[in-house]
Amino acid sequence: MISREIKIFLLWVTLLVLPAAVAAEVVPDQFELVQVTFTGVESVPKSELARALTAQTPPFWKVWQSSPVLSAQDLEDDRLRIQQFYRDNGFYQTVAGFTVTVSGPAPVRGISVPPQSQKITGPGEPPSGALPRVSLTFEITEGPPVLIESIDMTVNGTLKGVDRTLLLADTRLEIGRVFKAAEYEEAKKNINRTLANRGYPFAEITGRAVIDPKVNQAQLSFHVTPGPLSVFGPTTISQEGTAVSETVIRRALTYEQGELYDASKVEASRRNLFRLDVFRIAIIQTGTPPAEDGGSVPMRVQLTARDRQSVRLGIGYGTEDKLRLQAGWIYRNLGGQGGLVTVSARSSAILKNIQVAYDQPYFLDARNHLTARAGNELDEPPAYKNRRIFTDVALNRNLGSNWIIRLGYGLSFNTEESVAADDPVSIEERQFLDEDTRISAVGLEVARDRRDDLLNPKSGSLLAAKIGVAPEFLGSELAYFQPAVGVRKFLPVFKDIILAGRVNLETIQEMQGSTFIPAFKRLYLGGSDTVRGYGFQELPPLDRNGEPLGGQTAFNASVELRFPIYNALSGVTFVDSGLLGPDPFQLEFSDMRYTCGVGLRYDTVIGPIRLDFGYKLNPPTGKDIGDFTRPDDIVGDRWRFYVNIGQAF
């Protein structure tokens, strides 16, 4: 029995000797590549290997793209790329070759490549002037992987407050695992990052990876020179362009003079400066190393201002609000305090508004953010049409550990112009039609946000609880209180497969002299962001014509499985549920509505483009809306298709 190692050795010898003994085959100088396949690929992701090559054909769904035109040299280069790809993944004895099948013989001109790297088959000559069509198969013999045999670390100096075991754990390497050069280099960065976060910004990490191809083992070593233990020294600030108050800038810095140096705080400070939206460049540099442990490192902040004014235009489309048009004018650094003034307008099928907003970061304190708005809008979703003039102000405070508290006040004048339901829920609804209703309300919200990404989270959670109160003593003509709680959770289950879930519960109750909640303040469910399968605001209860009545208590829960398909394209499967109660703090869970569906996501810089198909599992029927002439007929369509931007939650 010939061992695997001997077979590989004989294969290598054969591949080296054949070029001198056999005349080179000829591959077409140029050809049209119509198909690429692989054989022998078992230990690496075939999709990643394919993306590393020049020889790629368009995916089946890109019907508008033609097949690429390549040459024999491209194939030989790809053969070497395959072997390098395998080396990068720990397979140092991989051998790659290819077979080319041509729809007609190669043209007269051509270049030769060694027969150990290619074979060619195919019939007669192609039509004059036409390139031959080629199917390509890469044939791969992987060989054994190189495994990590040992990991050694030496420290040249003294480490205070950092355990050597911690640094070894930060390498994220394990004995017996396949050795990958990129992971070894990343391990050096991890060690450096850990030291920089614990007072050693000038640490140097070197090392060696010794590969023994005879036994397919790797011996890894790391050499750590920590440098002096350092604390933050004084910070100097230099600015180009319109100057921002140094008080505001220093509030954005998350470190203080005299603290142990922490690179993560430096990076957080840089992000905070960019979030001000007034700087085009924000650089934080460390000065010279201290002479001894415990010395201070001077810090320098270099800032370049953005243009003080800018205009933003936007266009979009959603199934519910149809064509969306947006425009805004921004004025930065009002009064030198870093504040932003924005005048904006928006128009869609369900909302038209114009407003002016002011944002003041680090208001009075490093943890505060002040926002204020005023505007005029027309809100016309399916259930009602309401015109509103409003102003509001809110103070957001960062409590640390991902906790945020928000306190706000809003004043609005509402004119309910129409209600979709032919027969309003109560005669009291009519007192709000074509009448001005003043609402003066305060709100309090507490949230803990641990999501890793606001646009497309893959892990973490969001917990939120809020309450709004509009009492008569604040001058509100409609008195109510409105509590709500919500939970969202994102859990990676396997590689890039994400399980996402949410639960929301909200209610609104009239109080004091108010005895009725009008349509423009009632709660609604249904649509691309709540219960897919139902149209926007179309979850029961409905009137006899299928128009939404809304409720005073709303419950919504969803579970969604998100999985990759190809590059930026991913898919989802979901189950949504929703329930509206006509009264506050009351729900009849036997009336819960359920939908299920599938969807596609395509990642972009502004968030994923979303396509969802929702299907009603227990749709409302005639008897649910009081139409006993057709008690078993389904009300409306049983399915919905949505186009939108961003995840459903």
# chains A, B, ... in the order shown; residues from 1 in each chain; ligands from 1
$ residues_around --residues "Leu340 (chain A)" --least-positions-apart "2" --cutoff "12 Å" --atoms "only C-alpha atoms" --output "PDB file with N, CA and C atoms, in the first residue's frame"
ATOM      1  N   ARG A 275     -18.986  62.079  14.273  1.00  0.00           N
ATOM      2  CA  ARG A 275     -20.449  62.128  14.417  1.00  0.00           C
ATOM      3  C   ARG A 275     -20.973  63.544  14.566  1.00  0.00           C
ATOM      4  N   LEU A 276     -20.109  64.471  14.927  1.00  0.00           N
ATOM      5  CA  LEU A 276     -20.546  65.864  14.982  1.00  0.00           C
ATOM      6  C   LEU A 276     -20.992  66.367  13.613  1.00  0.00           C
ATOM      7  N   ASP A 277     -20.489  65.731  12.542  1.00  0.00           N
ATOM      8  CA  ASP A 277     -20.833  66.082  11.169  1.00  0.00           C
ATOM      9  C   ASP A 277     -20.350  67.481  10.786  1.00  0.00           C
ATOM     10  N   VAL A 278     -19.341  67.972  11.487  1.00  0.00           N
ATOM     11  CA  VAL A 278     -18.791  69.285  11.141  1.00  0.00           C
ATOM     12  C   VAL A 278     -17.333  69.174  10.689  1.00  0.00           C
ATOM     13  N   ARG A 308     -19.466  74.549   5.443  1.00  0.00           N
ATOM     14  CA  ARG A 308     -20.451  74.929   6.451  1.00  0.00           C
ATOM     15  C   ARG A 308     -21.884  74.677   5.982  1.00  0.00           C
ATOM     16  N   GLN A 309     -22.112  74.747   4.694  1.00  0.00           N
ATOM     17  CA  GLN A 309     -23.455  74.518   4.154  1.00  0.00           C
ATOM     18  C   GLN A 309     -23.414  73.399   3.116  1.00  0.00           C
ATOM     19  N   SER A 310     -24.501  72.660   3.036  1.00  0.00           N
ATOM     20  CA  SER A 310     -24.618  71.627   2.007  1.00  0.00           C
ATOM     21  C   SER A 310     -26.094  71.359   1.741  1.00  0.00           C
ATOM     22  N   TRP A 329     -31.490  71.287   3.395  1.00  0.00           N
ATOM     23  CA  TRP A 329     -30.385  72.246   3.444  1.00  0.00           C
ATOM     24  C   TRP A 329     -29.819  72.203   4.858  1.00  0.00           C
ATOM     25  N   ILE A 330     -28.491  72.062   4.973  1.00  0.00           N
ATOM     26  CA  ILE A 330     -27.843  71.898   6.274  1.00  0.00           C
ATOM     27  C   ILE A 330     -26.870  73.055   6.504  1.00  0.00           C
ATOM     28  N   TYR A 331     -26.948  73.636   7.684  1.00  0.00           N
ATOM     29  CA  TYR A 331     -26.001  74.672   8.102  1.00  0.00           C
ATOM     30  C   TYR A 331     -25.288  74.156   9.350  1.00  0.00           C
ATOM     31  N   ARG A 332     -23.947  74.053   9.274  1.00  0.00           N
ATOM     32  CA  ARG A 332     -23.169  73.423  10.336  1.00  0.00           C
ATOM     33  C   ARG A 332     -22.525  74.445  11.266  1.00  0.00           C
ATOM     34  N   ASN A 333     -22.313  73.965  12.500  1.00  0.00           N
ATOM     35  CA  ASN A 333     -21.529  74.696  13.495  1.00  0.00           C
ATOM     36  C   ASN A 333     -22.148  76.049  13.832  1.00  0.00           C
ATOM     37  N   LEU A 334     -23.419  76.027  14.138  1.00  0.00           N
ATOM     38  CA  LEU A 334     -24.118  77.252  14.504  1.00  0.00           C
ATOM     39  C   LEU A 334     -23.517  77.839  15.779  1.00  0.00           C
ATOM     40  N   GLY A 335     -23.110  79.091  15.721  1.00  0.00           N
ATOM     41  CA  GLY A 335     -22.544  79.772  16.873  1.00  0.00           C
ATOM     42  C   GLY A 335     -21.229  79.189  17.348  1.00  0.00           C
ATOM     43  N   GLY A 336     -20.572  78.386  16.501  1.00  0.00           N
ATOM     44  CA  GLY A 336     -19.304  77.782  16.890  1.00  0.00           C
ATOM     45  C   GLY A 336     -19.435  76.668  17.900  1.00  0.00           C
ATOM     46  N   GLN A 337     -20.661  76.174  18.148  1.00  0.00           N
ATOM     47  CA  GLN A 337     -20.885  75.143  19.157  1.00  0.00           C
ATOM     48  C   GLN A 337     -21.085  73.746  18.562  1.00  0.00           C
ATOM     49  N   GLY A 338     -20.874  73.614  17.247  1.00  0.00           N
ATOM     50  CA  GLY A 338     -21.001  72.307  16.616  1.00  0.00           C
ATOM     51  C   GLY A 338     -22.429  71.895  16.304  1.00  0.00           C
ATOM     52  N   THR A 342     -31.103  72.082  10.142  1.00  0.00           N
ATOM     53  CA  THR A 342     -31.531  71.411   8.918  1.00  0.00           C
ATOM     54  C   THR A 342     -32.934  71.866   8.559  1.00  0.00           C
ATOM     55  N   VAL A 343     -33.086  72.331   7.342  1.00  0.00           N
ATOM     56  CA  VAL A 343     -34.410  72.627   6.796  1.00  0.00           C
ATOM     57  C   VAL A 343     -34.684  71.568   5.735  1.00  0.00           C
ATOM     58  N   VAL A 356     -38.038  72.369  10.197  1.00  0.00           N
ATOM     59  CA  VAL A 356     -36.708  72.848  10.533  1.00  0.00           C
ATOM     60  C   VAL A 356     -36.301  72.145  11.828  1.00  0.00           C
ATOM     61  N   ALA A 357     -35.050  71.682  11.874  1.00  0.00           N
ATOM     62  CA  ALA A 357     -34.573  70.935  13.042  1.00  0.00           C
ATOM     63  C   ALA A 357     -33.232  71.487  13.485  1.00  0.00           C
ATOM     64  N   TYR A 358     -32.988  71.371  14.785  1.00  0.00           N
ATOM     65  CA  TYR A 358     -31.701  71.784  15.349  1.00  0.00           C
ATOM     66  C   TYR A 358     -31.166  70.655  16.221  1.00  0.00           C
ATOM     67  N   ASP A 359     -29.900  70.289  15.997  1.00  0.00           N
ATOM     68  CA  ASP A 359     -29.240  69.249  16.784  1.00  0.00           C
ATOM     69  C   ASP A 359     -28.016  69.848  17.457  1.00  0.00           C
ATOM     70  N   GLN A 360     -27.964  69.714  18.780  1.00  0.00           N
ATOM     71  CA  GLN A 360     -26.811  70.217  19.528  1.00  0.00           C
ATOM     72  C   GLN A 360     -26.174  69.072  20.308  1.00  0.00           C
ATOM     73  N   PRO A 361     -25.061  68.533  19.807  1.00  0.00           N
ATOM     74  CA  PRO A 361     -24.373  67.475  20.557  1.00  0.00           C
ATOM     75  C   PRO A 361     -23.645  68.046  21.763  1.00  0.00           C
ATOM     76  N   HIS A 369     -27.395  65.204  24.464  1.00  0.00           N
ATOM     77  CA  HIS A 369     -27.639  65.585  23.067  1.00  0.00           C
ATOM     78  C   HIS A 369     -29.033  66.206  23.002  1.00  0.00           C
ATOM     79  N   LEU A 370     -29.098  67.434  22.526  1.00  0.00           N
ATOM     80  CA  LEU A 370     -30.356  68.171  22.460  1.00  0.00           C
ATOM     81  C   LEU A 370     -30.856  68.229  21.023  1.00  0.00           C
ATOM     82  N   THR A 371     -32.142  67.955  20.825  1.00  0.00           N
ATOM     83  CA  THR A 371     -32.762  68.074  19.505  1.00  0.00           C
ATOM     84  C   THR A 371     -34.052  68.882  19.626  1.00  0.00           C
ATOM     85  N   ALA A 372     -34.338  69.643  18.590  1.00  0.00           N
ATOM     86  CA  ALA A 372     -35.574  70.422  18.552  1.00  0.00           C
ATOM     87  C   ALA A 372     -36.078  70.472  17.117  1.00  0.00           C
ATOM     88  N   ARG A 373     -37.424  70.441  16.943  1.00  0.00           N
ATOM     89  CA  ARG A 373     -38.017  70.475  15.605  1.00  0.00           C
ATOM     90  C   ARG A 373     -39.262  71.347  15.619  1.00  0.00           C
TER      91      ARG A 373
END
$ residues_around --residues "Asp496 (chain A)" --least-positions-apart "5" --cutoff "12 Å" --atoms "only C-alpha atoms" --output "PyMOL selection string"
chain A and resi 457-459+490-491+561-568+570-571
$ write_last_selection --atoms "all heavy atoms" --output "compact mmCIF listing (two decimals), in the first residue's frame"
# COMPACT_ATOMS: atom_id res chain seq x y z
N PRO A 457 -28.29 44.74 11.73
CA PRO A 457 -27.67 44.07 12.88
C PRO A 457 -27.55 42.57 12.67
O PRO A 457 -28.41 41.93 12.08
CB PRO A 457 -28.62 44.40 14.04
CG PRO A 457 -29.92 44.72 13.39
CD PRO A 457 -29.60 45.33 12.07
N LYS A 458 -26.44 42.02 13.19
CA LYS A 458 -26.20 40.58 13.13
C LYS A 458 -26.07 39.97 14.51
O LYS A 458 -26.07 38.75 14.65
CB LYS A 458 -24.95 40.30 12.30
CG LYS A 458 -25.10 40.64 10.82
CD LYS A 458 -23.83 40.34 10.04
CE LYS A 458 -24.05 40.48 8.53
NZ LYS A 458 -24.55 41.79 8.14
N SER A 459 -25.94 40.80 15.53
CA SER A 459 -25.89 40.32 16.90
C SER A 459 -26.30 41.45 17.82
O SER A 459 -26.37 42.61 17.43
CB SER A 459 -24.47 39.83 17.26
OG SER A 459 -23.55 40.92 17.23
N PHE A 490 -30.92 39.66 18.20
CA PHE A 490 -30.27 39.17 16.99
C PHE A 490 -29.20 38.17 17.41
O PHE A 490 -28.27 38.52 18.16
CB PHE A 490 -29.67 40.32 16.19
CG PHE A 490 -30.67 41.41 15.89
CD1 PHE A 490 -30.83 42.48 16.76
CD2 PHE A 490 -31.47 41.33 14.77
CE1 PHE A 490 -31.77 43.47 16.51
CE2 PHE A 490 -32.42 42.31 14.51
CZ PHE A 490 -32.57 43.38 15.38
N LEU A 491 -29.31 36.94 16.94
CA LEU A 491 -28.47 35.85 17.41
C LEU A 491 -27.83 35.12 16.24
O LEU A 491 -28.54 34.51 15.43
CB LEU A 491 -29.30 34.87 18.24
CG LEU A 491 -28.56 33.68 18.84
CD1 LEU A 491 -27.55 34.14 19.87
CD2 LEU A 491 -29.56 32.70 19.46
N LEU A 561 -35.44 34.33 10.05
CA LEU A 561 -34.16 33.67 9.81
C LEU A 561 -33.51 34.30 8.59
O LEU A 561 -34.09 34.28 7.50
CB LEU A 561 -34.35 32.17 9.59
CG LEU A 561 -33.06 31.33 9.56
CD1 LEU A 561 -32.41 31.30 10.94
CD2 LEU A 561 -33.35 29.92 9.08
N ARG A 562 -32.33 34.87 8.78
CA ARG A 562 -31.62 35.56 7.70
C ARG A 562 -30.39 34.73 7.31
O ARG A 562 -29.61 34.34 8.18
CB ARG A 562 -31.19 36.96 8.15
CG ARG A 562 -32.38 37.81 8.63
CD ARG A 562 -31.94 39.10 9.28
NE ARG A 562 -33.09 39.86 9.79
CZ ARG A 562 -33.00 40.97 10.50
NH1 ARG A 562 -31.81 41.47 10.81
NH2 ARG A 562 -34.09 41.59 10.92
N PHE A 563 -30.22 34.51 6.01
CA PHE A 563 -29.13 33.63 5.56
C PHE A 563 -28.54 34.17 4.26
O PHE A 563 -29.22 34.79 3.45
CB PHE A 563 -29.66 32.21 5.34
CG PHE A 563 -30.89 32.14 4.47
CD1 PHE A 563 -30.79 32.03 3.10
CD2 PHE A 563 -32.16 32.19 5.04
CE1 PHE A 563 -31.92 31.97 2.30
CE2 PHE A 563 -33.30 32.14 4.26
CZ PHE A 563 -33.18 32.02 2.88
N PRO A 564 -27.22 33.95 4.06
CA PRO A 564 -26.57 34.44 2.83
C PRO A 564 -26.94 33.58 1.63
O PRO A 564 -27.22 32.39 1.76
CB PRO A 564 -25.07 34.31 3.17
CG PRO A 564 -25.00 33.21 4.16
CD PRO A 564 -26.27 33.29 4.97
N ILE A 565 -26.94 34.21 0.45
CA ILE A 565 -27.17 33.48 -0.80
C ILE A 565 -25.96 33.60 -1.71
O ILE A 565 -25.33 32.60 -2.06
CB ILE A 565 -28.44 34.01 -1.51
CG1 ILE A 565 -29.68 33.74 -0.66
CG2 ILE A 565 -28.60 33.35 -2.89
CD1 ILE A 565 -30.98 34.27 -1.25
N TYR A 566 -25.60 34.83 -2.06
CA TYR A 566 -24.45 35.04 -2.95
C TYR A 566 -23.97 36.47 -2.80
O TYR A 566 -24.74 37.42 -3.01
CB TYR A 566 -24.84 34.76 -4.41
CG TYR A 566 -23.70 34.91 -5.40
CD1 TYR A 566 -22.77 33.89 -5.56
CD2 TYR A 566 -23.53 36.08 -6.13
CE1 TYR A 566 -21.72 34.02 -6.46
CE2 TYR A 566 -22.49 36.23 -7.03
CZ TYR A 566 -21.58 35.18 -7.19
OH TYR A 566 -20.54 35.32 -8.08
N ASN A 567 -22.73 36.63 -2.37
CA ASN A 567 -22.14 37.96 -2.19
C ASN A 567 -23.05 38.84 -1.35
O ASN A 567 -23.37 38.51 -0.22
CB ASN A 567 -21.80 38.58 -3.53
CG ASN A 567 -20.62 37.90 -4.20
OD1 ASN A 567 -19.88 37.14 -3.57
ND2 ASN A 567 -20.43 38.17 -5.48
N ALA A 568 -23.53 39.96 -1.91
CA ALA A 568 -24.35 40.91 -1.16
C ALA A 568 -25.82 40.50 -1.09
O ALA A 568 -26.61 41.17 -0.44
CB ALA A 568 -24.24 42.30 -1.78
N SER A 570 -28.86 38.15 0.10
CA SER A 570 -29.22 37.23 1.18
C SER A 570 -30.72 37.01 1.16
O SER A 570 -31.47 37.72 0.48
CB SER A 570 -28.77 37.77 2.53
OG SER A 570 -29.36 39.03 2.80
N GLY A 571 -31.16 36.04 1.93
CA GLY A 571 -32.57 35.70 1.98
C GLY A 571 -33.09 35.65 3.41
O GLY A 571 -32.32 35.61 4.37
$ residues_around --residues "region 425-441 of chain A" --least-positions-apart "4" --cutoff "9 Å" --atoms "only C-alpha atoms" --output "number ranges by chain"
A: 408-419, 421, 468-472, 474-481, 515-519, 543, 549
$ write_last_selection --atoms "C-alpha atoms" --output "compact mmCIF listing (two decimals), in the first residue's frame"
# COMPACT_ATOMS: atom_id res chain seq x y z
CA GLY A 408 -39.10 65.23 25.57
CA TYR A 409 -41.98 67.65 25.19
CA GLY A 410 -44.20 68.14 22.14
CA LEU A 411 -46.94 70.56 21.20
CA SER A 412 -49.12 69.97 18.13
CA PHE A 413 -52.32 71.29 16.57
CA ASN A 414 -54.18 68.53 14.70
CA THR A 415 -57.00 68.76 12.20
CA GLU A 416 -58.49 65.37 11.35
CA GLU A 417 -59.86 65.89 7.84
CA SER A 418 -61.32 62.43 7.19
CA VAL A 419 -61.62 58.86 8.47
CA ALA A 421 -64.22 53.87 7.92
CA GLY A 468 -46.15 59.52 26.76
CA VAL A 469 -48.54 61.63 28.86
CA ALA A 470 -50.76 64.47 27.61
CA PRO A 471 -52.49 65.93 30.69
CA GLU A 472 -55.02 68.75 30.76
CA LEU A 474 -50.29 71.15 30.22
CA GLY A 475 -53.05 72.56 28.02
CA SER A 476 -53.82 69.36 26.08
CA GLU A 477 -57.36 69.19 24.68
CA LEU A 478 -56.95 65.42 24.21
CA ALA A 479 -55.75 63.88 27.49
CA TYR A 480 -54.17 60.42 27.44
CA PHE A 481 -51.24 58.33 28.55
CA THR A 515 -63.39 59.87 26.81
CA PHE A 516 -62.39 58.91 23.27
CA ILE A 517 -59.20 58.37 21.23
CA PRO A 518 -59.64 59.67 17.65
CA ALA A 519 -58.46 57.81 14.55
CA ASP A 543 -65.45 47.96 9.13
CA LEU A 549 -60.64 50.90 12.57
$ residues_around --residues "Leu80 (chain A)" --least-positions-apart "4" --cutoff "10 Å" --atoms "only C-alpha atoms" --output "PyMOL selection string"
chain A and resi 53+75-76+84-86+95-97+117
$ closest_residue --among "A:Asp392, A:Thr99, A:Gly400, A:Thr39" --to "Ala366 (chain A)" --atoms "only C-alpha atoms"
A:Gly400
$ residues_around --residues "region 594-597 of chain A" --least-positions-apart "2" --cutoff "9 Å" --atoms "only C-alpha atoms" --output "PyMOL selection string"
chain A and resi 531-534+572-578+592+599+612-619+639
$ select_by_dssp --residues "region 262-309 of chain A" --states "helix (DSSP H, G or I)" --output "ChimeraX atom specification"
/A:263-275
$ write_last_selection --atoms "C-alpha atoms" --output "PDB file, in the first residue's frame"
ATOM      1  CA  ALA A 263      -6.440  52.899  22.492  1.00  0.00           C
ATOM      2  CA  SER A 264     -10.142  51.988  22.417  1.00  0.00           C
ATOM      3  CA  LYS A 265     -10.947  55.345  24.040  1.00  0.00           C
ATOM      4  CA  VAL A 266      -8.865  57.129  21.419  1.00  0.00           C
ATOM      5  CA  GLU A 267     -10.816  55.396  18.643  1.00  0.00           C
ATOM      6  CA  ALA A 268     -14.149  56.152  20.359  1.00  0.00           C
ATOM      7  CA  SER A 269     -13.113  59.820  20.591  1.00  0.00           C
ATOM      8  CA  ARG A 270     -12.317  59.907  16.875  1.00  0.00           C
ATOM      9  CA  ARG A 271     -15.744  58.438  16.059  1.00  0.00           C
ATOM     10  CA  ASN A 272     -17.422  61.016  18.291  1.00  0.00           C
ATOM     11  CA  LEU A 273     -15.697  63.846  16.437  1.00  0.00           C
ATOM     12  CA  PHE A 274     -16.893  62.496  13.092  1.00  0.00           C
ATOM     13  CA  ARG A 275     -20.449  62.128  14.417  1.00  0.00           C
TER      14      ARG A 275
END
$ residues_around --residues "Lys489 (chain A)" --least-positions-apart "3" --cutoff "9 Å" --atoms "only C-alpha atoms" --output "list in words"
Arg451, Ser459, Gly460, Ser461, Leu462, Leu463, Leu499, Ala500, Gly501 and Arg502 of chain A
$ write_last_selection --atoms "all heavy atoms" --output "PDB file, in the first residue's frame"
ATOM      1  N   ARG A 451     -26.949  46.470  19.787  1.00  0.00           N
ATOM      2  CA  ARG A 451     -26.846  45.979  18.418  1.00  0.00           C
ATOM      3  C   ARG A 451     -25.479  46.331  17.838  1.00  0.00           C
ATOM      4  O   ARG A 451     -24.943  47.409  18.108  1.00  0.00           O
ATOM      5  CB  ARG A 451     -27.949  46.585  17.557  1.00  0.00           C
ATOM      6  CG  ARG A 451     -29.351  46.117  17.913  1.00  0.00           C
ATOM      7  CD  ARG A 451     -30.395  46.883  17.132  1.00  0.00           C
ATOM      8  NE  ARG A 451     -30.405  48.295  17.498  1.00  0.00           N
ATOM      9  CZ  ARG A 451     -31.175  49.201  16.913  1.00  0.00           C
ATOM     10  NH1 ARG A 451     -31.981  48.840  15.927  1.00  0.00           N
ATOM     11  NH2 ARG A 451     -31.140  50.455  17.305  1.00  0.00           N
ATOM     12  N   SER A 459     -25.937  40.802  15.529  1.00  0.00           N
ATOM     13  CA  SER A 459     -25.887  40.318  16.904  1.00  0.00           C
ATOM     14  C   SER A 459     -26.302  41.454  17.824  1.00  0.00           C
ATOM     15  O   SER A 459     -26.369  42.611  17.428  1.00  0.00           O
ATOM     16  CB  SER A 459     -24.467  39.834  17.255  1.00  0.00           C
ATOM     17  OG  SER A 459     -23.549  40.915  17.227  1.00  0.00           O
ATOM     18  N   GLY A 460     -26.587  41.086  19.077  1.00  0.00           N
ATOM     19  CA  GLY A 460     -26.958  42.096  20.057  1.00  0.00           C
ATOM     20  C   GLY A 460     -28.454  42.162  20.294  1.00  0.00           C
ATOM     21  O   GLY A 460     -29.229  41.308  19.835  1.00  0.00           O
ATOM     22  N   SER A 461     -28.870  43.207  20.986  1.00  0.00           N
ATOM     23  CA  SER A 461     -30.276  43.352  21.350  1.00  0.00           C
ATOM     24  C   SER A 461     -30.621  44.818  21.554  1.00  0.00           C
ATOM     25  O   SER A 461     -29.745  45.667  21.732  1.00  0.00           O
ATOM     26  CB  SER A 461     -30.585  42.565  22.630  1.00  0.00           C
ATOM     27  OG  SER A 461     -29.816  43.064  23.711  1.00  0.00           O
ATOM     28  N   LEU A 462     -31.921  45.095  21.538  1.00  0.00           N
ATOM     29  CA  LEU A 462     -32.447  46.431  21.828  1.00  0.00           C
ATOM     30  C   LEU A 462     -33.639  46.267  22.754  1.00  0.00           C
ATOM     31  O   LEU A 462     -34.624  45.607  22.406  1.00  0.00           O
ATOM     32  CB  LEU A 462     -32.868  47.148  20.542  1.00  0.00           C
ATOM     33  CG  LEU A 462     -33.604  48.481  20.731  1.00  0.00           C
ATOM     34  CD1 LEU A 462     -32.703  49.504  21.414  1.00  0.00           C
ATOM     35  CD2 LEU A 462     -34.117  49.021  19.399  1.00  0.00           C
ATOM     36  N   LEU A 463     -33.533  46.856  23.927  1.00  0.00           N
ATOM     37  CA  LEU A 463     -34.640  46.879  24.886  1.00  0.00           C
ATOM     38  C   LEU A 463     -35.082  48.328  25.042  1.00  0.00           C
ATOM     39  O   LEU A 463     -34.245  49.218  25.211  1.00  0.00           O
ATOM     40  CB  LEU A 463     -34.195  46.335  26.249  1.00  0.00           C
ATOM     41  CG  LEU A 463     -33.479  44.986  26.267  1.00  0.00           C
ATOM     42  CD1 LEU A 463     -33.030  44.653  27.695  1.00  0.00           C
ATOM     43  CD2 LEU A 463     -34.374  43.893  25.725  1.00  0.00           C
ATOM     44  N   LEU A 499     -30.602  34.530  13.450  1.00  0.00           N
ATOM     45  CA  LEU A 499     -31.978  34.406  13.925  1.00  0.00           C
ATOM     46  C   LEU A 499     -32.349  35.721  14.613  1.00  0.00           C
ATOM     47  O   LEU A 499     -31.678  36.144  15.558  1.00  0.00           O
ATOM     48  CB  LEU A 499     -32.098  33.241  14.902  1.00  0.00           C
ATOM     49  CG  LEU A 499     -33.507  32.956  15.449  1.00  0.00           C
ATOM     50  CD1 LEU A 499     -34.440  32.524  14.327  1.00  0.00           C
ATOM     51  CD2 LEU A 499     -33.462  31.898  16.539  1.00  0.00           C
ATOM     52  N   ALA A 500     -33.392  36.371  14.119  1.00  0.00           N
ATOM     53  CA  ALA A 500     -33.819  37.673  14.646  1.00  0.00           C
ATOM     54  C   ALA A 500     -35.252  37.575  15.155  1.00  0.00           C
ATOM     55  O   ALA A 500     -36.089  36.885  14.559  1.00  0.00           O
ATOM     56  CB  ALA A 500     -33.710  38.745  13.562  1.00  0.00           C
ATOM     57  N   GLY A 501     -35.526  38.249  16.245  1.00  0.00           N
ATOM     58  CA  GLY A 501     -36.878  38.238  16.795  1.00  0.00           C
ATOM     59  C   GLY A 501     -37.219  39.562  17.448  1.00  0.00           C
ATOM     60  O   GLY A 501     -36.340  40.337  17.836  1.00  0.00           O
ATOM     61  N   ARG A 502     -38.495  39.833  17.561  1.00  0.00           N
ATOM     62  CA  ARG A 502     -38.950  41.063  18.224  1.00  0.00           C
ATOM     63  C   ARG A 502     -40.314  40.837  18.859  1.00  0.00           C
ATOM     64  O   ARG A 502     -41.111  40.002  18.410  1.00  0.00           O
ATOM     65  CB  ARG A 502     -39.052  42.215  17.232  1.00  0.00           C
ATOM     66  CG  ARG A 502     -40.127  41.955  16.180  1.00  0.00           C
ATOM     67  CD  ARG A 502     -40.573  43.208  15.476  1.00  0.00           C
ATOM     68  NE  ARG A 502     -41.418  42.841  14.319  1.00  0.00           N
ATOM     69  CZ  ARG A 502     -41.579  43.591  13.266  1.00  0.00           C
ATOM     70  NH1 ARG A 502     -40.948  44.751  13.184  1.00  0.00           N
ATOM     71  NH2 ARG A 502     -42.362  43.213  12.269  1.00  0.00           N
TER      72      ARG A 502
END
$ closest_residue --among "A:Phe390, A:Phe649, A:Gln509, A:Asn197" --to "Arg488 (chain A)" --atoms "only C-alpha atoms"
A:Phe649
$ residues_around --residues "Glu42 (chain A)" --least-positions-apart "6" --cutoff "10 Å" --atoms "only C-alpha atoms" --output "count of residues only"
3
